[in-house]
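Enquirer: I'd like to ask you about the structure that follows.
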Amino acid sequence: MRALMLRSSVRSLVTVFGTFSASSRKVIAQAAAVSHRYYFRKTMHYQTEQRGHQNSPDYRLYFKTSDGKYISPFHDIPLIAETEQANDVPAKKSKKSESEVLYNMVVEVPRWSNAKMEIAIKEPLNPIKQDEKKGKLRYVANIFPHKGYIWNYGALPQTWEDPGQKDKETNCCGDNDPIDVCDIGTQVCSTGQVIQVKVLGILAMIDEGEMDWKVIAINAEDPDAKNLNSIEDVRKNRPGHLEATVEWFRKYKVPDGKPENKFGFNGEFKDKDFAVEIIKSTHEHWRALVQKQKNTGGIDCKNTLCCDSPFRCTTDEAREVVQSAPAFGSAHPVSPEVDKWHFV
């Protein structure tokens, strides 16, 4: 068991520090090579299976249940963390009040890393892959004084920002993705980890005219979680953190030649109750999507657990999807350019 935990820790280090200096990457890669034949990483009630080559366009991270059945992290992991989905859509409601509900968060990008990993919404079973732009893998720039992402970044499963739905507050339509989450906890997570988070507030970012909500949350297992129950608690106990978050989202595309992002509500964070209402609405939009009440617009809704969804597939069909992907192999090198600092 100890050896298995060590191998998992090494892989987590590779994921987290994969975009640091070449010498550091070499040391970590050598350690990881000892256990390269072990492809599975336990993440709470879920496992992940790597396919392809990390830092390359063919890399995919597929999700499995604890009993080894392949699932979609977008459609099959329940939104509400404290209830069993029981093969239903949506997950059963928690007995707790809405302000106390914990949500599942699928971690796509660990804090301090640069590779823009995301749930592949247009691929069967929606594995995590690295985003591409004009045929090149995407890495977020280091905006001084930050290194990569400044929180664990990911998504709430079973949510969808409907591009056909105009937000009444900002007059912008959704960005066609699951709703984004920034986990401000102290633990550095790994790609594919599923954590339970407490929602604290939300930021209304407008990305090239599309509504792109950013939920601010904290890992429920974090030592600070008991002291952070609202966006005002964050402002009080973490001076400068919210301001840094707005500045990061405002400027992170500037080094790529894009304009600064804009925000609704003058860049002010909305409170937890507001955030919960947004999450509920995006969950309803997702529910309509997997029940074929909405035009999928290229989104792959294949799932294995949503029993009343016409997109549900068998365990064998899901296995065939994963087995058709390239076999797991050694990681590709990362350009030193990824470590460059940008002053904007």
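Letters for chains follow the order of the structure tokens (A, B, ...), residue numbers begin at 1 for each chain, and ligand numbers begin at 1 in the order shown.
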Return as a PyMOL selection string the full set of residues in stretch 230-292 of chain A whose backbone-based DSSP assignment is alpha helix (DSSP H).
Expert: chain A and resi 231-237+241-251+272-290
Enquirer: Excluding A:Ile184 and any residue of its chain fewer than 5 positions from it, enumerate the residues within 9 Å of it, using only C-alpha atoms, and give them as a ChimeraX atom specification.
Expert: /A:150-153,216-219,241
Enquirer: Write out as a list in words the residues lying within 7 Å of stretch 285-291 of chain A, counting only C-alpha atoms and excluding same-chain residues fewer than 3 positions away.
Expert: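 That gives Val89, Pro90, Gln158, Thr159, Trp160, Asp162, Ser281, Thr282, Lys294, Thr296, Cys301, Ser309, Pro310 and Phe311 of chain A.
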Enquirer: May I ask for the distance between atom CA of A:Gln193 and atom CA of A:Lys253, given in Å to one decimal place?
Expert: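 A separation of 25.9 Å between them.
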